[in-house]
file model_14.tsv (TSV, C-alpha atoms)
chain	number	residue	atom	x	y	z
A	15	MET	CA	40.85	-30.68	30.67
A	16	PHE	CA	38.42	-28.06	29.37
A	17	ALA	CA	40.04	-27.63	25.97
A	18	LYS	CA	37.75	-30.01	24.06
A	19	PRO	CA	34.44	-28.21	24.83
A	20	VAL	CA	36.03	-24.87	23.88
A	21	VAL	CA	37.27	-26.29	20.58
A	22	ARG	CA	33.84	-27.83	19.95
A	23	MET	CA	32.11	-24.48	20.60
A	24	ARG	CA	34.50	-22.74	18.23
A	25	GLY	CA	33.81	-25.42	15.64
A	26	LEU	CA	30.06	-24.91	15.95
A	27	LYS	CA	30.41	-21.14	15.63
A	28	LEU	CA	32.60	-21.55	12.57
A	29	LYS	CA	30.06	-23.94	11.03
A	30	GLU	CA	27.18	-21.53	11.70
A	31	PHE	CA	29.24	-18.65	10.27
A	32	LEU	CA	29.97	-20.59	7.08
A	33	GLN	CA	26.29	-21.57	6.76
A	34	GLU	CA	25.21	-17.92	7.07
A	35	LYS	CA	27.72	-16.97	4.39
A	36	THR	CA	26.35	-19.75	2.17
A	37	TYR	CA	22.82	-18.29	2.34
A	38	LEU	CA	24.18	-14.82	1.61
A	39	LEU	CA	26.24	-16.06	-1.34
A	40	ALA	CA	23.17	-17.88	-2.69
A	41	VAL	CA	21.18	-14.63	-2.91
A	42	ILE	CA	24.16	-12.77	-4.38
A	43	GLY	CA	24.48	-15.58	-6.96
A	44	ALA	CA	20.81	-15.14	-7.89
A	45	VAL	CA	21.34	-11.38	-8.21
A	46	LEU	CA	24.33	-11.89	-10.51
A	47	ILE	CA	22.41	-14.34	-12.70
A	48	TRP	CA	19.38	-12.06	-13.00
A	49	SER	CA	21.66	-9.10	-13.73
A	50	THR	CA	22.94	-10.82	-16.86
A	51	SER	CA	19.44	-11.70	-18.12
A	52	PHE	CA	19.12	-8.41	-20.03
A	53	VAL	CA	22.39	-9.04	-21.87
A	54	ALA	CA	21.39	-12.64	-22.62
A	55	THR	CA	18.01	-11.43	-23.93
A	56	LYS	CA	19.69	-8.91	-26.20
A	57	ILE	CA	22.01	-11.62	-27.60
A	58	ALA	CA	19.16	-14.11	-28.11
A	59	LEU	CA	17.17	-11.44	-29.96
A	60	TRP	CA	19.90	-11.19	-32.60
A	61	THR	CA	18.30	-14.08	-34.49
A	62	VAL	CA	15.20	-15.06	-32.47
A	63	PRO	CA	12.06	-12.84	-32.60
A	64	PRO	CA	10.85	-11.57	-29.19
A	65	PHE	CA	7.63	-13.63	-28.90
A	66	THR	CA	9.31	-16.77	-30.19
A	67	LEU	CA	12.09	-16.25	-27.66
A	68	GLY	CA	9.55	-16.10	-24.85
A	69	ALA	CA	7.79	-19.26	-26.00
A	70	LEU	CA	11.01	-21.26	-26.33
A	71	ARG	CA	12.46	-19.96	-23.08
A	72	PHE	CA	9.52	-20.94	-20.93
A	73	LEU	CA	8.76	-24.19	-22.70
A	74	VAL	CA	12.29	-25.33	-21.84
A	75	ALA	CA	11.97	-23.95	-18.30
A	76	GLY	CA	8.59	-25.69	-17.82
A	77	ILE	CA	9.95	-29.06	-18.94
A	78	VAL	CA	12.96	-28.81	-16.62
A	79	LEU	CA	10.70	-27.74	-13.74
A	80	ALA	CA	8.34	-30.66	-14.37
A	81	VAL	CA	11.23	-33.15	-14.25
A	82	PHE	CA	12.61	-31.55	-11.08
A	83	LEU	CA	9.25	-31.59	-9.29
A	84	ALA	CA	8.54	-35.16	-10.41
A	85	LEU	CA	11.86	-36.33	-8.95
A	86	GLN	CA	11.06	-34.50	-5.71
A	87	ARG	CA	7.51	-35.90	-5.76
A	88	GLY	CA	6.23	-32.36	-5.41
A	89	LEU	CA	4.03	-32.25	-8.48
A	90	VAL	CA	0.43	-31.96	-7.24
A	91	TRP	CA	-2.71	-30.66	-8.94
A	92	PRO	CA	-3.98	-27.34	-7.51
A	93	ARG	CA	-7.49	-26.80	-6.20
A	94	ARG	CA	-10.06	-25.75	-8.78
A	95	GLN	CA	-10.62	-22.34	-7.17
A	96	ASP	CA	-6.87	-21.61	-7.30
A	97	LEU	CA	-6.27	-22.80	-10.86
A	98	GLY	CA	-7.72	-19.64	-12.40
A	99	HIS	CA	-5.41	-17.42	-10.34
A	100	LEU	CA	-2.40	-19.53	-11.28
A	101	VAL	CA	-3.26	-19.36	-14.99
A	102	LEU	CA	-4.00	-15.61	-14.88
A	103	SER	CA	-0.80	-14.84	-12.99
A	104	GLY	CA	1.14	-16.99	-15.48
A	105	VAL	CA	-0.31	-15.11	-18.46
A	106	LEU	CA	0.42	-11.77	-16.79
A	107	GLY	CA	3.84	-12.53	-15.31
A	108	ILE	CA	5.18	-14.79	-18.07
A	109	THR	CA	3.42	-14.12	-21.37
A	110	ILE	CA	2.51	-10.43	-21.29
A	111	TYR	CA	5.41	-9.37	-19.08
A	112	PHE	CA	8.17	-11.05	-21.07
A	113	ALA	CA	6.56	-10.30	-24.44
A	114	LEU	CA	6.74	-6.60	-23.55
A	115	GLU	CA	10.17	-6.87	-21.94
A	116	ASN	CA	11.67	-8.70	-24.93
A	117	LEU	CA	10.16	-6.14	-27.29
A	118	GLY	CA	11.40	-3.28	-25.12
A	119	VAL	CA	14.94	-4.68	-24.92
A	120	LYS	CA	14.94	-5.24	-28.70
A	121	LEU	CA	14.08	-1.59	-29.36
A	122	ALA	CA	16.07	-0.04	-26.51
A	123	THR	CA	19.19	-1.29	-24.74
A	124	ALA	CA	19.91	-3.86	-22.04
A	125	ALA	CA	21.30	-1.07	-19.85
A	126	ASP	CA	18.04	0.92	-20.11
A	127	ALA	CA	16.09	-2.21	-19.14
A	128	ALA	CA	18.28	-2.81	-16.08
A	129	LEU	CA	17.69	0.73	-14.83
A	130	ILE	CA	13.95	0.89	-15.56
A	131	VAL	CA	13.22	-2.54	-14.06
A	132	ALA	CA	14.72	-1.29	-10.79
A	133	ALA	CA	11.72	1.05	-10.47
A	134	TYR	CA	9.10	-1.70	-10.71
A	135	PRO	CA	8.69	-1.99	-6.90
A	136	ALA	CA	7.93	1.75	-6.82
A	137	ILE	CA	5.29	1.35	-9.53
A	138	THR	CA	3.76	-1.51	-7.52
A	139	MET	CA	3.66	0.61	-4.33
A	140	LEU	CA	1.96	3.44	-6.21
A	141	LEU	CA	-0.69	1.20	-7.82
A	142	GLU	CA	-1.24	-0.60	-4.52
A	143	SER	CA	-2.01	2.68	-2.78
A	144	LEU	CA	-4.31	3.86	-5.59
A	145	LEU	CA	-6.23	0.62	-6.23
A	146	TYR	CA	-6.26	-1.04	-2.81
A	147	ARG	CA	-6.10	2.07	-0.61
A	148	VAL	CA	-2.96	0.77	1.11
A	149	ALA	CA	-1.56	3.41	3.42
A	150	VAL	CA	1.81	4.77	2.29
A	151	SER	CA	3.98	6.72	4.71
A	152	ARG	CA	5.54	10.00	3.70
A	153	ILE	CA	8.98	8.42	3.53
A	154	ARG	CA	7.79	5.59	1.26
A	155	PHE	CA	5.85	8.07	-0.88
A	156	PHE	CA	9.00	10.17	-1.19
A	157	GLY	CA	10.95	7.04	-2.16
A	158	VAL	CA	8.39	6.22	-4.86
A	159	GLY	CA	8.61	9.77	-6.16
A	160	LEU	CA	12.41	9.57	-6.31
A	161	ALA	CA	12.29	6.28	-8.22
A	162	LEU	CA	9.79	7.63	-10.74
A	163	LEU	CA	11.87	10.78	-11.19
A	164	GLY	CA	14.86	8.55	-11.96
A	165	VAL	CA	12.83	6.66	-14.56
A	166	TYR	CA	11.79	9.97	-16.14
A	167	LEU	CA	15.44	10.99	-16.48
A	168	VAL	CA	16.44	7.63	-17.98
A	169	VAL	CA	13.57	7.55	-20.49
A	170	GLY	CA	13.70	11.25	-21.35
A	171	GLU	CA	17.38	11.05	-22.25
A	172	SER	CA	16.96	7.95	-24.43
A	173	SER	CA	15.34	9.82	-27.32
A	174	SER	CA	18.39	12.07	-27.75
A	175	LEU	CA	20.85	9.17	-27.44
A	176	GLY	CA	19.21	6.43	-29.48
A	177	GLY	CA	16.40	8.04	-31.42
A	178	PRO	CA	12.67	7.22	-31.44
A	179	TYR	CA	13.08	3.42	-31.36
A	180	ARG	CA	15.04	3.47	-28.11
A	181	PHE	CA	12.53	5.91	-26.62
A	182	ARG	CA	9.62	3.63	-27.59
A	183	GLY	CA	11.47	0.67	-26.14
A	184	ASP	CA	11.89	2.48	-22.84
A	185	LEU	CA	8.18	3.37	-22.75
A	186	ILE	CA	7.32	-0.29	-23.35
A	187	LEU	CA	9.61	-1.25	-20.45
A	188	VAL	CA	7.78	1.22	-18.19
A	189	ALA	CA	4.44	-0.32	-19.24
A	190	THR	CA	5.94	-3.72	-18.42
A	191	GLY	CA	6.29	-2.53	-14.82
A	192	ILE	CA	2.52	-2.01	-14.62
A	193	VAL	CA	1.94	-5.57	-15.83
A	194	TRP	CA	4.46	-6.81	-13.25
A	195	SER	CA	2.46	-5.06	-10.51
A	196	PHE	CA	-0.80	-6.78	-11.45
A	197	TYR	CA	1.05	-10.09	-11.64
A	198	ASN	CA	2.08	-9.57	-8.02
A	199	PHE	CA	-1.46	-8.69	-6.96
A	200	VAL	CA	-2.84	-11.92	-8.47
A	201	THR	CA	0.03	-14.13	-7.24
A	202	ARG	CA	-0.56	-13.04	-3.62
A	203	LYS	CA	-3.87	-14.90	-3.67
A	204	VAL	CA	-2.13	-18.27	-4.11
A	205	ALA	CA	1.43	-17.65	-2.90
A	206	ASN	CA	0.77	-18.99	0.60
A	207	GLU	CA	-1.34	-21.94	-0.54
A	208	TYR	CA	1.40	-23.90	-2.35
A	209	PRO	CA	5.21	-24.20	-2.37
A	210	ALA	CA	6.83	-21.40	-4.33
A	211	LEU	CA	8.37	-23.81	-6.84
A	212	LEU	CA	4.98	-25.35	-7.60
A	213	VAL	CA	3.41	-21.92	-8.12
A	214	THR	CA	6.27	-21.04	-10.47
A	215	PHE	CA	5.76	-24.29	-12.40
A	216	TYR	CA	2.07	-23.69	-13.10
A	217	GLN	CA	2.71	-20.05	-13.97
A	218	THR	CA	5.51	-21.08	-16.34
A	219	ILE	CA	3.37	-23.71	-18.10
A	220	ALA	CA	0.39	-21.35	-18.45
A	221	GLY	CA	2.65	-18.56	-19.71
A	222	ALA	CA	4.46	-20.81	-22.21
A	223	ILE	CA	1.18	-22.10	-23.68
A	224	ALA	CA	-0.18	-18.56	-24.01
A	225	PHE	CA	3.05	-17.57	-25.77
A	226	LEU	CA	2.52	-20.06	-28.61
A	227	PRO	CA	-0.11	-18.04	-30.58
A	228	LEU	CA	2.10	-14.95	-30.31
A	229	ALA	CA	5.10	-16.92	-31.59
A	230	LEU	CA	3.09	-18.09	-34.60
A	231	LEU	CA	2.60	-14.45	-35.60
A	232	GLU	CA	6.36	-14.30	-36.15
A	233	ARG	CA	6.59	-17.28	-38.53
A	234	ALA	CA	7.85	-15.06	-41.34
A	235	GLN	CA	10.81	-14.06	-39.15
A	236	TRP	CA	11.83	-17.58	-38.12
A	237	GLN	CA	15.33	-18.60	-39.11
A	238	ALA	CA	18.06	-20.91	-37.92
A	239	PRO	CA	19.33	-19.19	-34.74
A	240	ALA	CA	23.02	-18.43	-34.46
A	241	GLY	CA	25.06	-20.37	-31.91
A	242	ALA	CA	25.25	-17.39	-29.56
A	243	SER	CA	21.47	-16.96	-29.64
A	244	TRP	CA	20.89	-20.63	-28.79
A	245	LEU	CA	23.33	-20.44	-25.87
A	246	ALA	CA	21.65	-17.25	-24.63
A	247	LEU	CA	18.23	-18.92	-24.89
A	248	LEU	CA	19.34	-21.94	-22.83
A	249	TYR	CA	20.97	-19.62	-20.31
A	250	LEU	CA	17.73	-17.66	-19.94
A	251	ALA	CA	15.65	-20.82	-19.55
A	252	ILE	CA	17.86	-22.79	-17.15
A	253	PHE	CA	19.89	-20.21	-15.25
A	254	CYS	CA	17.72	-17.07	-15.19
A	255	SER	CA	14.33	-18.81	-14.94
A	256	LEU	CA	15.28	-21.75	-12.68
A	257	LEU	CA	18.69	-21.63	-11.01
A	258	GLY	CA	18.35	-17.99	-10.00
A	259	PHE	CA	14.97	-18.71	-8.41
A	260	LEU	CA	16.30	-21.76	-6.53
A	261	LEU	CA	19.30	-19.84	-5.18
A	262	TYR	CA	17.09	-16.96	-4.08
A	263	ALA	CA	14.61	-19.27	-2.37
A	264	TYR	CA	17.48	-21.08	-0.61
A	265	GLY	CA	18.91	-17.80	0.67
A	266	LEU	CA	15.53	-16.73	2.05
A	267	LYS	CA	15.64	-19.68	4.45
A	268	ARG	CA	17.91	-17.70	6.77
A	269	LEU	CA	18.11	-14.15	5.41
A	270	THR	CA	15.35	-11.68	6.20
A	271	SER	CA	13.14	-10.56	3.32
A	272	SER	CA	14.29	-6.96	3.73
A	273	ALA	CA	17.95	-8.00	3.44
A	274	ALA	CA	17.21	-10.07	0.33
A	275	VAL	CA	15.22	-7.26	-1.29
A	276	THR	CA	18.00	-4.78	-0.50
A	277	LEU	CA	20.49	-7.08	-2.27
A	278	MET	CA	18.12	-7.11	-5.26
A	279	ASN	CA	18.99	-3.44	-5.73
A	280	LEU	CA	22.34	-4.67	-7.05
A	281	VAL	CA	20.57	-6.07	-10.16
A	282	PRO	CA	20.50	-2.75	-12.07
A	283	VAL	CA	24.09	-2.00	-11.03
A	284	PHE	CA	25.45	-5.33	-12.28
A	285	GLY	CA	23.05	-5.26	-15.24
A	286	VAL	CA	24.41	-1.92	-16.47
A	287	LEU	CA	28.01	-3.05	-15.96
A	288	CYS	CA	27.37	-6.22	-17.99
A	289	SER	CA	25.65	-4.21	-20.73
A	290	VAL	CA	28.52	-1.76	-21.00
A	291	PHE	CA	31.39	-4.27	-20.87
A	292	LEU	CA	29.82	-7.20	-22.76
A	293	LEU	CA	27.71	-5.38	-25.36
A	294	GLY	CA	29.54	-2.07	-25.55
A	295	GLU	CA	26.38	-0.07	-24.78
A	296	THR	CA	26.61	3.52	-23.61
A	297	LEU	CA	24.79	5.62	-21.03
A	298	SER	CA	24.86	9.37	-20.56
A	299	LEU	CA	25.77	10.93	-17.22
A	300	LEU	CA	22.12	12.00	-16.88
A	301	GLN	CA	20.93	8.40	-17.29
A	302	CYS	CA	23.50	7.16	-14.77
A	303	GLY	CA	22.26	9.80	-12.35
A	304	GLY	CA	18.67	8.75	-13.02
A	305	GLY	CA	19.57	5.15	-12.29
A	306	LEU	CA	21.17	6.12	-8.97
A	307	ILE	CA	18.05	8.11	-8.07
A	308	VAL	CA	15.87	5.04	-8.86
A	309	ILE	CA	17.99	2.81	-6.60
A	310	ALA	CA	18.02	5.41	-3.81
A	311	GLY	CA	14.24	5.73	-3.94
A	312	ILE	CA	13.69	1.97	-3.82
A	313	ILE	CA	16.12	1.51	-0.91
A	314	LEU	CA	14.32	4.27	0.99
A	315	GLY	CA	10.91	2.68	0.40
A	316	VAL	CA	12.06	-0.85	1.24
A	317	ARG	CA	13.81	0.24	4.44
A	318	GLN	CA	10.71	2.07	5.64
A	319	ALA	CA	8.53	-0.96	4.83
A	320	SER	CA	10.85	-3.35	6.70
A	321	GLU	CA	10.88	-1.07	9.76
A	322	ARG	CA	7.07	-1.06	9.81

call {"tool": "encode", "arguments": {"input": "model_14.tsv", "output": "structure tokens"}}
result
Amino acid sequence: MFAKPVVRMRGLKLKEFLQEKTYLLAVIGAVLIWSTSFVATKIALWTVPPFTLGALRFLVAGIVLAVFLALQRGLVWPRRQDLGHLVLSGVLGITIYFALENLGVKLATAADAALIVAAYPAITMLLESLLYRVAVSRIRFFGVGLALLGVYLVVGESSSLGGPYRFRGDLILVATGIVWSFYNFVTRKVANEYPALLVTFYQTIAGAIAFLPLALLERAQWQAPAGASWLALLYLAIFCSLLGFLLYAYGLKRLTSSAAVTLMNLVPVFGVLCSVFLLGETLSLLQCGGGLIVIAGIILGVRQASER
């Protein structure tokens, strides 16, 4: 007599459980996609110059985004006072950021990039406290210090492993983290005014247009890209720039921000694994230890921030 309601309740619980797992898997999928971006960049750079790669990647991503937003009827013109922030954040977060990242990956290794990028939140926390007088607890400050110590170990060891070019590439990747921080500061001013996908679209378009003059500087290096480079370019544009973002945004519908950010700490882990197994790159024990210190410092800082 009472069996049907019990079965129905179990069915609802099972459905809710599967939905929760779907959101979790969406974020993990985004993490896996972003982890492979460093390997894909390295492959694309075999025959495509770094600035040209950035221009092509985000032109393709911008076109796909425009079609997607048009089909969803979500393509609206921003307010005049917000347009400047959208353009500036696009130039910072797309043009300058990826121009430096592509150049850094070209000179260094994909594994180095995966480890150094993990410290970008720590660089942002440090600049935020210095420029905006944001209070930082002792635990978060300790976490930032740990992450920066890890970066020092990774970068310091690169000169003995790969020579001056790898060392310069690592320094460029560290500078890229500073650009990433300022991109975040500018994006905050418009992030809550428009849907995230629309903000990404305008940033992508502004960044792609600003990339064009830089790409023209590389005309002497243009050549017919190899098949692997073309596939890597399309993967970067469609999967890393769009699908990863959509999966992450979908997962944030039910997961807490702190849980999602904690999962993001898997990016350097998967990124290094992909670099080692797919490209045959090598890391010293000291660099591996530095990478673990970076991740530990970021986890410590993020946990303290989520508790506050």

call {"tool": "atom_distance", "arguments": {"input": "model_14.tsv", "atom1": "CA of Ile192 (chain A)", "atom2": "CA of Ser51 (chain A)"}}
result
19.8 Å

call {"tool": "atom_distance", "arguments": {"input": "model_14.tsv", "atom1": "CA of Gly311 (chain A)", "atom2": "CA of Thr138 (chain A)"}}
result
13.2 Å

call {"tool": "closest_residue", "arguments": {"input": "model_14.tsv", "among": "A:Ala246, A:Leu226, A:Val213, A:Ile313", "to": "His99 (chain A)", "atoms": "only C-alpha atoms"}}
result
A:Val213

call {"tool": "closest_residue", "arguments": {"input": "model_14.tsv", "among": "A:Phe196, A:Phe52, A:Tyr262, A:Tyr179", "to": "Ser289 (chain A)", "atoms": "only C-alpha atoms"}}
result
A:Phe52

call {"tool": "residues_around", "arguments": {"input": "model_14.tsv", "residues": "region 129-137 of chain A", "least_positions_apart": "5", "cutoff": "10 Å", "atoms": "all atoms listed in the file", "output": "MDAnalysis selection string"}}
result
chainID A and resid 115 124 142 154:155 157:166 168:169 184:185 187:195 278:283 285:286 301:302 304:309 311:312 315:316

call {"tool": "write_last_selection", "arguments": {"input": "model_14.tsv", "atoms": "C-alpha atoms", "output": "PDB file, in the coordinates of the input"}}
result
ATOM      1  CA  GLU A 115      10.170  -6.870 -21.940  1.00  0.00           C
ATOM      2  CA  ALA A 124      19.910  -3.860 -22.040  1.00  0.00           C
ATOM      3  CA  GLU A 142      -1.240  -0.600  -4.520  1.00  0.00           C
ATOM      4  CA  ARG A 154       7.790   5.590   1.260  1.00  0.00           C
ATOM      5  CA  PHE A 155       5.850   8.070  -0.880  1.00  0.00           C
ATOM      6  CA  GLY A 157      10.950   7.040  -2.160  1.00  0.00           C
ATOM      7  CA  VAL A 158       8.390   6.220  -4.860  1.00  0.00           C
ATOM      8  CA  GLY A 159       8.610   9.770  -6.160  1.00  0.00           C
ATOM      9  CA  LEU A 160      12.410   9.570  -6.310  1.00  0.00           C
ATOM     10  CA  ALA A 161      12.290   6.280  -8.220  1.00  0.00           C
ATOM     11  CA  LEU A 162       9.790   7.630 -10.740  1.00  0.00           C
ATOM     12  CA  LEU A 163      11.870  10.780 -11.190  1.00  0.00           C
ATOM     13  CA  GLY A 164      14.860   8.550 -11.960  1.00  0.00           C
ATOM     14  CA  VAL A 165      12.830   6.660 -14.560  1.00  0.00           C
ATOM     15  CA  TYR A 166      11.790   9.970 -16.140  1.00  0.00           C
ATOM     16  CA  VAL A 168      16.440   7.630 -17.980  1.00  0.00           C
ATOM     17  CA  VAL A 169      13.570   7.550 -20.490  1.00  0.00           C
ATOM     18  CA  ASP A 184      11.890   2.480 -22.840  1.00  0.00           C
ATOM     19  CA  LEU A 185       8.180   3.370 -22.750  1.00  0.00           C
ATOM     20  CA  LEU A 187       9.610  -1.250 -20.450  1.00  0.00           C
ATOM     21  CA  VAL A 188       7.780   1.220 -18.190  1.00  0.00           C
ATOM     22  CA  ALA A 189       4.440  -0.320 -19.240  1.00  0.00           C
ATOM     23  CA  THR A 190       5.940  -3.720 -18.420  1.00  0.00           C
ATOM     24  CA  GLY A 191       6.290  -2.530 -14.820  1.00  0.00           C
ATOM     25  CA  ILE A 192       2.520  -2.010 -14.620  1.00  0.00           C
ATOM     26  CA  VAL A 193       1.940  -5.570 -15.830  1.00  0.00           C
ATOM     27  CA  TRP A 194       4.460  -6.810 -13.250  1.00  0.00           C
ATOM     28  CA  SER A 195       2.460  -5.060 -10.510  1.00  0.00           C
ATOM     29  CA  MET A 278      18.120  -7.110  -5.260  1.00  0.00           C
ATOM     30  CA  ASN A 279      18.990  -3.440  -5.730  1.00  0.00           C
ATOM     31  CA  LEU A 280      22.340  -4.670  -7.050  1.00  0.00           C
ATOM     32  CA  VAL A 281      20.570  -6.070 -10.160  1.00  0.00           C
ATOM     33  CA  PRO A 282      20.500  -2.750 -12.070  1.00  0.00           C
ATOM     34  CA  VAL A 283      24.090  -2.000 -11.030  1.00  0.00           C
ATOM     35  CA  GLY A 285      23.050  -5.260 -15.240  1.00  0.00           C
ATOM     36  CA  VAL A 286      24.410  -1.920 -16.470  1.00  0.00           C
ATOM     37  CA  GLN A 301      20.930   8.400 -17.290  1.00  0.00           C
ATOM     38  CA  CYS A 302      23.500   7.160 -14.770  1.00  0.00           C
ATOM     39  CA  GLY A 304      18.670   8.750 -13.020  1.00  0.00           C
ATOM     40  CA  GLY A 305      19.570   5.150 -12.290  1.00  0.00           C
ATOM     41  CA  LEU A 306      21.170   6.120  -8.970  1.00  0.00           C
ATOM     42  CA  ILE A 307      18.050   8.110  -8.070  1.00  0.00           C
ATOM     43  CA  VAL A 308      15.870   5.040  -8.860  1.00  0.00           C
ATOM     44  CA  ILE A 309      17.990   2.810  -6.600  1.00  0.00           C
ATOM     45  CA  GLY A 311      14.240   5.730  -3.940  1.00  0.00           C
ATOM     46  CA  ILE A 312      13.690   1.970  -3.820  1.00  0.00           C
ATOM     47  CA  GLY A 315      10.910   2.680   0.400  1.00  0.00           C
ATOM     48  CA  VAL A 316      12.060  -0.850   1.240  1.00  0.00           C
TER      49      VAL A 316
END

call {"tool": "atom_distance", "arguments": {"input": "model_14.tsv", "atom1": "CA of Leu140 (chain A)", "atom2": "CA of Phe284 (chain A)"}}
result
25.8 Å

call {"tool": "residues_around", "arguments": {"input": "model_14.tsv", "residues": "Ala251 (chain A)", "least_positions_apart": "6", "cutoff": "10 Å", "atoms": "only C-alpha atoms", "output": "mmCIF file with C-alpha atoms, in the coordinates of the input"}}
result
data_model
loop_
_atom_site.group_PDB
_atom_site.id
_atom_site.type_symbol
_atom_site.label_atom_id
_atom_site.label_comp_id
_atom_site.auth_asym_id
_atom_site.auth_seq_id
_atom_site.Cartn_x
_atom_site.Cartn_y
_atom_site.Cartn_z
ATOM 1 C CA SER A 51 19.440 -11.700 -18.120
ATOM 2 C CA LEU A 67 12.090 -16.250 -27.660
ATOM 3 C CA GLY A 68 9.550 -16.100 -24.850
ATOM 4 C CA LEU A 70 11.010 -21.260 -26.330
ATOM 5 C CA ARG A 71 12.460 -19.960 -23.080
ATOM 6 C CA PHE A 72 9.520 -20.940 -20.930
ATOM 7 C CA LEU A 73 8.760 -24.190 -22.700
ATOM 8 C CA VAL A 74 12.290 -25.330 -21.840
ATOM 9 C CA ALA A 75 11.970 -23.950 -18.300
ATOM 10 C CA GLY A 76 8.590 -25.690 -17.820
ATOM 11 C CA VAL A 78 12.960 -28.810 -16.620
ATOM 12 C CA LEU A 245 23.330 -20.440 -25.870
ATOM 13 C CA LEU A 257 18.690 -21.630 -11.010
#

call {"tool": "closest_residue", "arguments": {"input": "model_14.tsv", "among": "A:Pro64, A:Gly170, A:Gly43, A:Gly107", "to": "Ile219 (chain A)", "atoms": "all atoms listed in the file"}}
result
A:Gly107

call {"tool": "closest_residue", "arguments": {"input": "model_14.tsv", "among": "A:Gln217, A:Leu287, A:Thr123, A:Ala229", "to": "Lys56 (chain A)", "atoms": "all atoms listed in the file"}}
result
A:Thr123

call {"tool": "residues_around", "arguments": {"input": "model_14.tsv", "residues": "Gln237 (chain A)", "least_positions_apart": "2", "cutoff": "12 Å", "atoms": "only C-alpha atoms", "output": "PDB file with C-alpha atoms, keeping the file's coordinate frame"}}
result
ATOM      1  CA  LEU A  59      17.170 -11.440 -29.960  1.00  0.00           C
ATOM      2  CA  TRP A  60      19.900 -11.190 -32.600  1.00  0.00           C
ATOM      3  CA  THR A  61      18.300 -14.080 -34.490  1.00  0.00           C
ATOM      4  CA  VAL A  62      15.200 -15.060 -32.470  1.00  0.00           C
ATOM      5  CA  PRO A  63      12.060 -12.840 -32.600  1.00  0.00           C
ATOM      6  CA  THR A  66       9.310 -16.770 -30.190  1.00  0.00           C
ATOM      7  CA  GLU A 232       6.360 -14.300 -36.150  1.00  0.00           C
ATOM      8  CA  ARG A 233       6.590 -17.280 -38.530  1.00  0.00           C
ATOM      9  CA  ALA A 234       7.850 -15.060 -41.340  1.00  0.00           C
ATOM     10  CA  GLN A 235      10.810 -14.060 -39.150  1.00  0.00           C
ATOM     11  CA  PRO A 239      19.330 -19.190 -34.740  1.00  0.00           C
ATOM     12  CA  ALA A 240      23.020 -18.430 -34.460  1.00  0.00           C
ATOM     13  CA  SER A 243      21.470 -16.960 -29.640  1.00  0.00           C
ATOM     14  CA  TRP A 244      20.890 -20.630 -28.790  1.00  0.00           C
TER      15      TRP A 244
END

call {"tool": "axis_aligned_box", "arguments": {"input": "model_14.tsv", "around": "region 58-63 of chain A", "padding_each_side": "6 Å", "output": "JSON"}}
result
{"center_x": 16.0, "center_y": -13.1, "center_z": -31.3, "size_x": 19.8, "size_y": 15.9, "size_z": 18.4}

call {"tool": "closest_residue", "arguments": {"input": "model_14.tsv", "among": "A:Glu295, A:Ile77, A:Leu300, A:Arg268", "to": "Ala40 (chain A)", "atoms": "only C-alpha atoms"}}
result
A:Arg268

call {"tool": "residues_around", "arguments": {"input": "model_14.tsv", "residues": "Ala224 (chain A)", "least_positions_apart": "6", "cutoff": "10 Å", "atoms": "all atoms listed in the file", "output": "list of chain:residue names"}}
result
A:Ala69, A:Val101, A:Gly104, A:Val105, A:Leu106, A:Ile108, A:Thr109, A:Ile110, A:Thr218
